[in-house]
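Text of protein.cif, listed as mmCIF, C-alpha atoms:
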data_query
#
loop_
_atom_site.label_atom_id
_atom_site.label_comp_id
_atom_site.auth_asym_id
_atom_site.auth_seq_id
_atom_site.Cartn_x
_atom_site.Cartn_y
_atom_site.Cartn_z
CA ILE A 1 12.05 -7.15 -43.76
CA ALA A 2 12.53 -6.86 -47.54
CA GLY A 3 12.04 -3.09 -47.31
CA TYR A 4 8.77 -2.72 -49.19
CA ARG A 5 6.15 -0.15 -48.28
CA LEU A 6 3.63 -1.72 -45.91
CA GLN A 7 0.06 -2.25 -47.09
CA PRO A 8 -3.25 -3.12 -45.36
CA HIS A 9 -2.80 -6.86 -45.91
CA HIS A 10 0.34 -6.78 -43.71
CA VAL A 11 -1.61 -6.03 -40.51
CA SER A 12 -1.17 -9.49 -39.00
CA ALA A 13 2.50 -9.99 -39.84
CA CYS A 14 3.79 -6.62 -38.63
CA PRO A 15 4.78 -5.85 -35.03
CA ARG A 16 2.31 -3.59 -33.25
CA LEU A 17 3.23 -0.26 -31.74
CA ALA A 18 1.66 0.85 -28.47
CA GLN A 19 -0.02 3.69 -30.37
CA VAL A 20 -2.46 1.21 -32.00
CA GLU A 21 -4.30 0.82 -28.70
CA GLU A 22 -4.07 4.57 -28.12
CA ILE A 23 -5.75 5.21 -31.49
CA LYS A 24 -8.65 2.91 -30.62
CA LYS A 25 -9.09 4.47 -27.18
CA ARG A 26 -9.10 7.96 -28.73
CA LEU A 27 -11.88 6.93 -31.12
CA GLU A 28 -14.03 5.88 -28.19
CA VAL A 29 -13.76 9.38 -26.71
CA VAL A 30 -13.89 11.88 -29.60
CA ASP A 31 -14.83 9.80 -32.69
CA TYR A 32 -11.66 10.75 -34.55
CA ALA A 33 -7.92 10.26 -34.09
CA ILE A 34 -5.07 12.15 -35.71
CA VAL A 35 -1.77 10.32 -36.02
CA GLU A 36 1.39 12.34 -36.56
CA GLY A 37 4.90 11.11 -37.28
CA GLU A 38 8.05 11.06 -39.33
CA PRO A 39 8.25 9.40 -42.77
CA GLY A 40 8.46 5.61 -42.44
CA CYS A 41 7.82 5.49 -38.69
CA GLY A 42 4.82 3.16 -38.97
CA LYS A 43 1.90 5.61 -39.11
CA SER A 44 0.10 3.87 -41.96
CA ILE A 45 0.47 0.31 -40.69
CA SER A 46 -0.65 1.42 -37.21
CA VAL A 47 -3.73 2.99 -38.77
CA TYR A 48 -4.40 -0.19 -40.77
CA GLN A 49 -4.03 -2.35 -37.66
CA SER A 50 -6.45 -0.13 -35.75
CA ALA A 51 -8.87 -0.28 -38.69
CA PHE A 52 -8.58 -4.07 -38.84
CA ASP A 53 -9.51 -4.38 -35.17
CA LEU A 54 -12.55 -2.16 -35.71
CA SER A 55 -13.57 -4.10 -38.81
CA VAL A 56 -13.74 -7.22 -36.62
CA LYS A 57 -16.19 -5.30 -34.44
CA GLY A 58 -18.46 -4.59 -37.40
CA TYR A 59 -17.09 -1.37 -38.88
CA THR A 60 -16.99 -0.94 -42.65
CA VAL A 61 -13.63 0.64 -43.50
CA TYR A 62 -13.03 3.13 -46.31
CA ARG A 63 -9.80 4.81 -47.38
CA TYR A 64 -10.05 8.34 -48.79
CA VAL A 65 -8.31 8.57 -52.18
CA ASN A 66 -10.06 11.50 -53.91
CA LYS A 67 -7.49 13.73 -55.62
CA ASN A 68 -9.89 16.63 -56.27
CA THR A 69 -8.97 18.69 -53.25
CA GLU A 70 -11.25 21.60 -54.20
CA SER A 71 -14.40 19.52 -53.70
CA MET A 72 -16.33 19.06 -50.51
CA VAL A 73 -16.33 15.53 -49.11
CA PHE A 74 -19.46 13.91 -47.71
CA LEU A 75 -18.85 10.81 -45.63
CA PRO A 76 -21.30 7.92 -45.27
CA GLN A 77 -23.68 8.36 -42.35
CA SER A 78 -26.10 5.82 -40.92
CA LYS A 79 -27.75 5.00 -37.61
CA ASP A 80 -27.76 1.30 -38.45
CA LYS A 81 -24.20 0.86 -39.75
CA LYS A 82 -20.77 1.73 -38.42
CA TYR A 83 -18.12 3.31 -40.65
CA LEU A 84 -14.42 4.03 -40.30
CA ILE A 85 -12.76 6.46 -42.71
CA ILE A 86 -8.97 6.45 -43.15
CA VAL A 87 -7.23 9.54 -44.52
CA ASP A 88 -3.54 8.76 -45.10
CA ASP A 89 -0.88 11.29 -46.20
CA ALA A 90 -3.16 14.06 -44.96
CA GLN A 91 -0.37 16.62 -45.25
CA ASN A 92 -1.11 16.66 -49.01
CA LEU A 93 -4.65 17.96 -48.48
CA PRO A 94 -5.66 21.56 -47.68
CA HIS A 95 -6.65 22.36 -44.11
CA PHE A 96 -10.17 23.43 -45.04
CA LEU A 97 -10.86 19.98 -46.48
CA LEU A 98 -9.44 18.17 -43.46
CA ASP A 99 -11.50 20.34 -41.15
CA GLN A 100 -14.59 19.53 -43.21
CA ILE A 101 -13.87 15.79 -43.05
CA LEU A 102 -13.21 15.81 -39.30
CA ALA A 103 -16.40 17.81 -38.67
CA GLN A 104 -18.40 14.82 -39.93
CA SER A 105 -17.07 12.41 -37.32
CA GLN A 106 -19.71 10.98 -34.99
CA LYS A 107 -20.57 7.85 -33.03
CA CYS A 108 -21.25 5.76 -36.15
CA THR A 109 -18.67 7.43 -38.43
CA LYS A 110 -15.16 7.30 -36.99
CA ILE A 111 -12.17 8.93 -38.70
CA ILE A 112 -8.44 8.22 -38.51
CA LEU A 113 -6.23 10.82 -40.12
CA ALA A 114 -2.47 10.25 -40.54
CA TYR A 115 -0.01 12.89 -41.64
CA THR A 116 3.69 13.57 -41.87
CA LYS A 117 4.51 16.71 -39.96
CA ILE A 118 6.17 19.26 -42.24
CA ASN A 119 5.87 22.65 -40.52
CA LYS A 120 6.54 22.46 -36.79
CA ASP A 121 4.93 25.89 -36.31
CA GLU A 122 1.59 24.79 -37.77
CA PRO A 123 0.28 21.73 -35.95
CA LEU A 124 -2.72 20.15 -37.62
CA CYS A 125 -4.22 19.26 -34.27
CA SER A 126 -3.45 20.28 -30.70
CA GLU A 127 -3.45 16.68 -29.47
CA PRO A 128 -2.26 14.26 -32.17
CA ILE A 129 -1.10 10.75 -31.36
CA ARG A 130 2.60 10.89 -32.11
CA ILE A 131 4.72 8.05 -33.46
CA THR A 132 8.49 8.42 -33.68
CA ASN A 133 11.09 6.36 -35.47
CA TYR A 134 12.53 5.59 -32.04
CA ASP A 135 9.21 4.05 -30.96
CA ALA A 136 9.06 1.90 -34.08
CA VAL A 137 12.67 0.65 -33.98
CA LYS A 138 12.36 -0.27 -30.30
CA ALA A 139 9.11 -2.18 -30.87
CA ILE A 140 10.41 -4.03 -33.94
CA ALA A 141 13.63 -5.09 -32.18
CA GLN A 142 11.69 -6.44 -29.19
CA ASP A 143 9.28 -8.31 -31.45
CA TYR A 144 12.00 -9.87 -33.61
CA ARG A 145 13.98 -11.09 -30.60
CA LYS A 146 10.90 -13.00 -29.43
CA ARG A 147 10.21 -14.40 -32.92
CA LYS A 148 13.73 -15.59 -33.78
CA GLN A 149 12.62 -19.00 -35.08
CA GLU A 150 10.21 -17.30 -37.48
CA ILE A 151 12.41 -14.35 -38.49
CA LEU A 152 15.81 -16.05 -38.93
CA PRO A 153 14.85 -18.11 -42.04
CA ILE A 154 13.53 -14.92 -43.67
CA VAL A 155 16.75 -13.03 -42.96
CA GLN A 156 18.80 -15.94 -44.31
CA LYS A 157 17.06 -15.59 -47.67
CA PHE A 158 18.83 -12.24 -47.96
CA ASP A 159 22.07 -12.96 -46.09
CA ARG A 160 23.11 -16.61 -45.77
CA PHE A 161 25.93 -15.71 -43.37
CA VAL A 162 23.48 -14.93 -40.56
CA GLY A 163 22.82 -17.99 -38.41
CA ASP A 164 23.95 -20.20 -35.53
CA GLY A 165 27.01 -21.75 -37.20
CA MET A 166 30.56 -21.24 -35.96
CA MET A 167 31.51 -18.76 -38.70
CA ASP A 168 28.06 -17.16 -38.97
CA THR A 169 26.99 -13.72 -37.80
CA PRO A 170 24.69 -14.44 -34.83
CA PHE A 171 21.11 -13.39 -35.38
CA GLU A 172 21.10 -11.67 -31.98
CA SER A 173 24.09 -9.46 -32.81
CA ARG A 174 22.58 -8.51 -36.17
CA VAL A 175 19.39 -7.45 -34.38
CA GLU A 176 21.39 -5.47 -31.82
CA ASN A 177 23.24 -3.69 -34.62
CA ALA A 178 19.98 -2.99 -36.44
CA ALA A 179 18.43 -1.62 -33.23
CA THR A 180 20.97 1.22 -33.20
CA LYS A 181 19.57 2.63 -36.46
CA ASN A 182 17.28 5.63 -36.44
CA THR A 183 14.47 4.46 -38.76
CA PRO A 184 12.49 1.22 -39.18
CA TRP A 185 13.63 0.93 -42.78
CA LEU A 186 17.30 1.20 -41.79
CA PHE A 187 16.64 -1.36 -39.06
CA ASN A 188 15.38 -3.90 -41.59
CA TYR A 189 17.99 -2.84 -44.15
CA THR A 190 20.70 -3.65 -41.60
CA LEU A 191 18.99 -6.83 -40.47
CA ARG A 192 18.87 -8.28 -43.98
CA GLY A 193 22.32 -7.02 -45.03
CA GLY A 194 20.69 -4.70 -47.56
CA TRP A 195 24.02 -3.23 -48.64
CA ASN A 196 24.49 -6.43 -50.63
CA THR A 197 21.47 -5.83 -52.87
CA THR A 198 20.79 -2.14 -53.65
CA ASN A 199 23.82 -1.68 -55.86
CA GLU A 200 23.16 -5.04 -57.51
CA GLN A 201 19.56 -4.04 -58.29
CA LEU A 202 20.67 -0.79 -59.92
CA GLN A 203 23.34 -2.54 -61.98
CA THR A 204 20.76 -5.09 -63.13
CA VAL A 205 18.53 -2.41 -64.67
CA TYR A 206 21.23 0.13 -65.55
CA ASN A 207 21.63 -0.63 -69.26
CA HIS A 208 18.00 -1.50 -70.02
CA ASN A 209 16.89 1.57 -72.02
CA LYS A 210 18.67 3.81 -69.51
CA CYS A 211 16.53 2.48 -66.67
CA GLY A 212 19.37 3.21 -64.27
CA LEU A 213 18.93 6.88 -65.14
CA LEU A 214 15.15 6.57 -64.84
CA SER A 215 15.46 5.00 -61.38
CA THR A 216 17.79 7.79 -60.27
CA ILE A 217 15.52 10.57 -61.53
CA ILE A 218 12.52 9.00 -59.80
CA ALA A 219 14.60 8.73 -56.61
CA LEU A 220 15.63 12.36 -56.95
CA PHE A 221 12.08 13.70 -57.24
CA GLN A 222 10.86 11.33 -54.53
CA ILE A 223 13.27 13.03 -52.12
CA LEU A 224 12.41 16.53 -53.37
CA LYS A 225 8.70 15.75 -52.94
CA MET A 226 9.17 14.43 -49.39
CA ASP A 227 8.57 10.79 -50.32
CA ASN A 228 5.47 11.41 -52.44
CA THR A 229 4.67 9.47 -55.61
CA ILE A 230 5.83 10.71 -59.03
CA ASP A 231 3.51 11.37 -61.98
CA PHE A 232 5.10 9.11 -64.61
CA LYS A 233 3.42 10.83 -67.57
CA TRP A 234 4.71 14.16 -66.34
CA LEU A 235 8.18 12.67 -65.92
CA GLN A 236 8.10 11.30 -69.48
CA SER A 237 7.54 14.78 -70.90
CA TYR A 238 9.74 16.56 -68.37
CA ILE A 239 12.89 14.68 -69.36
CA GLN A 240 12.47 15.93 -72.94
CA LYS A 241 13.50 19.40 -71.74
CA PHE A 242 16.99 18.07 -71.17
CA ASP A 243 17.45 15.27 -73.71
CA ASP A 244 14.87 14.61 -76.43
CA THR A 245 16.54 11.30 -77.32
CA ILE A 246 15.42 9.73 -74.04
CA PHE A 247 11.97 8.19 -73.98
CA TRP A 248 10.53 5.85 -71.38
CA THR A 249 7.32 3.83 -71.62
CA GLU A 250 5.06 1.93 -69.25
CA GLU A 251 7.09 -1.17 -70.15
CA ASP A 252 10.18 0.44 -68.62
CA LEU A 253 8.20 1.21 -65.49
CA ASP A 254 6.97 -2.39 -65.32
CA TYR A 255 10.58 -3.52 -65.72
CA LEU A 256 11.61 -1.53 -62.63
CA ILE A 257 8.67 -2.93 -60.67
CA LYS A 258 9.64 -6.46 -61.69
CA ASN A 259 13.16 -5.81 -60.42
CA LYS A 260 11.81 -4.55 -57.08
CA LEU A 261 12.95 -0.94 -57.42
CA ILE A 262 9.56 0.76 -57.88
CA ALA A 263 6.59 0.15 -55.60
CA SER A 264 3.83 -0.12 -58.24
CA THR A 265 2.28 1.57 -61.29
CA ASP A 266 -0.09 3.41 -58.92
CA ASP A 267 2.73 4.41 -56.58
CA VAL A 268 5.68 5.49 -58.73
CA ARG A 269 8.51 5.86 -56.25
CA ILE A 270 11.43 3.77 -55.05
CA VAL A 271 10.28 1.18 -52.50
CA HIS A 272 11.59 3.41 -49.69
CA ILE A 273 13.13 6.86 -49.47
CA GLU A 274 16.32 5.39 -47.94
CA SER A 275 16.55 3.11 -50.98
CA ALA A 276 16.17 6.23 -53.12
CA LYS A 277 19.20 7.76 -51.42
CA SER A 278 21.18 4.55 -51.94
CA ILE A 279 20.28 4.46 -55.65
CA ILE A 280 21.52 8.02 -56.20
CA HIS A 281 24.73 7.16 -54.36
CA SER A 282 25.25 3.99 -56.41
CA PHE A 283 24.41 5.77 -59.69
CA TYR A 284 27.19 8.30 -59.14
CA LYS A 285 29.67 5.45 -58.70
CA ILE A 286 28.94 3.85 -62.08
CA ALA A 287 27.52 6.60 -64.33
CA ASP A 288 29.47 8.37 -67.06
CA GLU A 289 30.12 12.11 -66.87
CA PRO A 290 27.28 13.21 -69.24
CA SER A 291 24.76 11.28 -67.13
CA LYS A 292 26.05 12.90 -63.95
CA GLN A 293 25.78 16.34 -65.55
CA LEU A 294 22.24 15.55 -66.66
CA ILE A 295 21.26 14.64 -63.10
CA CYS A 296 22.73 17.92 -61.84
CA LYS A 297 20.70 19.91 -64.38
CA ILE A 298 17.52 18.07 -63.44
CA LEU A 299 18.20 18.63 -59.75
CA GLU A 300 18.73 22.37 -60.23
CA ASP A 301 15.62 22.76 -62.38
CA GLY A 302 13.45 20.40 -60.36
CA TYR A 303 14.30 21.97 -57.03
#
Go ahead and express the file in the form of structure tokens.
Amino acid sequence: IAGYRLQPHHVSACPRLAQVEEIKKRLEVVDYAIVEGEPGCGKSISVYQSAFDLSVKGYTVYRYVNKNTESMVFLPQSKDKKYLIIVDDAQNLPHFLLDQILAQSQKCTKIILAYTKINKDEPLCSEPIRITNYDAVKAIAQDYRKRKQEILPIVQKFDRFVGDGMMDTPFESRVENAATKNTPWLFNYTLRGGWNTTNEQLQTVYNHNKCGLLSTIIALFQILKMDNTIDFKWLQSYIQKFDDTIFWTEEDLDYLIKNKLIASTDDVRIVHIESAKSIIHSFYKIADEPSKQLICKILEDGY
């Protein structure tokens, strides 16, 4: 609800999409499942939920994180143990490597591969399990309606005007409004009245060693890189091309994490790509002209 990127430890709290059961059924038939979908539609959490269910059945779960994409990958194999390998953000890996990983699937070594479809003319697999933003929004809305007593106090932490009082915005109408949005993040953003906080967050960090500018540049490259993480060391040196008086450190990055703008030191990007868009929009409202010109130069060069 707060808009953070979902992680494996959220498997119990998050609503389940129908595709979770489809993933598990696919693994029983062909030993691997490929999950395809739009950014933020719930691919990763659906994979984690499927993996959690299999872990209860005795599978040891691994997540592939090797960045050396030129190397061959050899998965654990055993007749006595059961393994499940998760490959998330598979669109960032070359096809030869994915083919090599999938070729190792077998009865005791299952594989779930999730990717964001980029080129519609080059499907990674002829029969992926597809998840759409429409699927996710519909499932979340249905789940939250049933869990009103649990969800309402959480929403009220963000927007105290949602409730059952005479002058309050009814929880049901806020959910109905959120259900008209086209992504899960926008659903939760609407549910919590997120418009009240994004601009405030940017203004909080704006004058701290130009962290407002840092947030905006990270947001910019996050969008250009299709919601992928940013190499902070590269960004530190890159900005020197345009203004050698600007220098950011790990402390500045930690400051943005503390203020809930950046996901983590290992995942340098705004907590969600829709938040990234909002930050750029808010920055242009409050920035001076030189800062706006700097952003334009970075956009032109970075693109």
### Task
Work out how far apart atom CA of A:Ile298 and atom CA of A:Arg5 are and give it in Å to one decimal.
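Result for atom CA of A:Ile298 versus atom CA of A:Arg5: 26.3 Å, one decimal.
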### Query
Which is closest to A:Ile101 among A:Asn259, A:Asn133, A:Lys138, A:Ile86, if we use only C-alpha atoms?
A:Ile86
### Query
If the PyMOL selection byres ((chain A and resi 276) around 10) is run on the structure shown, which residues does it catch, given as a PyMOL selection string?
chain A and resi 198+215-223+227+261-262+269-275+277-282
#### Entry: Selection under test: the PyMOL selection byres ((chain A and resi 233-241) around 12); residues as a ChimeraX atom specification
/A:213-215,217-222,229-232,242-250,252-253,265-266,268-269,294-295,297-299,301-302
### Task
Can you pull out every residue within 12 Å of A:Thr197, counting all atoms listed in the file, but drop anything in the same chain fewer than 4 positions away, and send it as a VMD selection string?
chain A and resid 2 to 3 157 to 159 189 to 190 192 to 193 201 to 204 259 to 261 275 278 to 279 282
### Message
Counting all atoms listed in the file, which residue out of A:Leu152, A:Val20, A:Gly212, A:Tyr4 sits closest to A:Asn199?
### Response
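Nearest candidate to A:Asn199 out of A:Leu152, A:Val20, A:Gly212, A:Tyr4: A:Gly212.
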#### Entry: Neighbour list for A:Arg145 as an MDAnalysis selection string, cut-off 8 Å, only C-alpha atoms, skip fewer than 4 positions in-chain
chainID A and resid 141 172 175
### Message
Under the PyMOL selection byres ((chain A and resi 178) around 7), which residues of this model are included? Write them out as number ranges by chain.
### Response
A: 174-177, 179-181, 187-188, 190-191
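Pairwise distance (atom CA of A:Ile129, atom CA of A:Phe74) equals 24.8 Å.
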### Query
Which neighbours of A:Ala33 fall inside 12 Å, counting all atoms listed in the file, when residues of the same chain fewer than 6 positions from it are skipped, and could you give them as a ChimeraX atom specification?
/A:19-27,43,46-47,50-51,84-88,102,105-106,109-115,124-130
### Query
Which protein, DNA or RNA residues have an atom at most 12 Å from (10.7, 4.3, -27.7), counting only C-alpha atoms? List them as number ranges by chain.
A: 17-19, 41, 130-142, 179, 182-183
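We find atom CA of A:Glu300 and atom CA of A:Ile257 to be spaced 27.2 Å apart.
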If the box runs along x, y and z of the file and leaves 8 Å on each side of stretch 281-300 of chain A, what are its centre and edge lengths in Å, one decimal, as lines of an AutoDock Vina configuration file?
center_x = 23.8
center_y = 13.1
center_z = -61.8
size_x = 28.6
size_y = 34.5
size_z = 30.9
#### Entry: Near-A:Gln49 list (9 Å; all atoms listed in the file; drop same-chain fewer than 2 positions) as a PyMOL selection string
chain A and resi 8+10-12+14+16+20+44-47+51-54
### Best match for closeness to A:Lys79 among A:Cys108, A:Val65, A:Met167, A:Ile286, counting all atoms listed in the file
A:Cys108
### Query
Please, which residues are within 12 Å of (-9.7, 22.0, -43.5) by the file's coordinates, counting all atoms listed in the file, and could they come as a PyMOL selection string?
chain A and resi 69-73+90-104+124-125
### Task
Determine the nearest neighbour of A:Phe171 from the options A:Tyr284, A:Tyr83, A:Tyr144, A:Trp185, counting only C-alpha atoms.
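Ranked by minimum distance to A:Phe171, first place goes to A:Tyr144.
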### Task
Counting only C-alpha atoms, figure out which residue out of A:Glu289, A:Asp168, A:Asp31, A:Glu251 gets nearest to A:Lys82.
A:Asp31
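Comparing the minimum interatomic distances between A:Ser55 and each of A:Asn228, A:Leu75, A:Glu36, A:Lys81, counting all atoms listed in the file, we find that A:Lys81 sits nearest.
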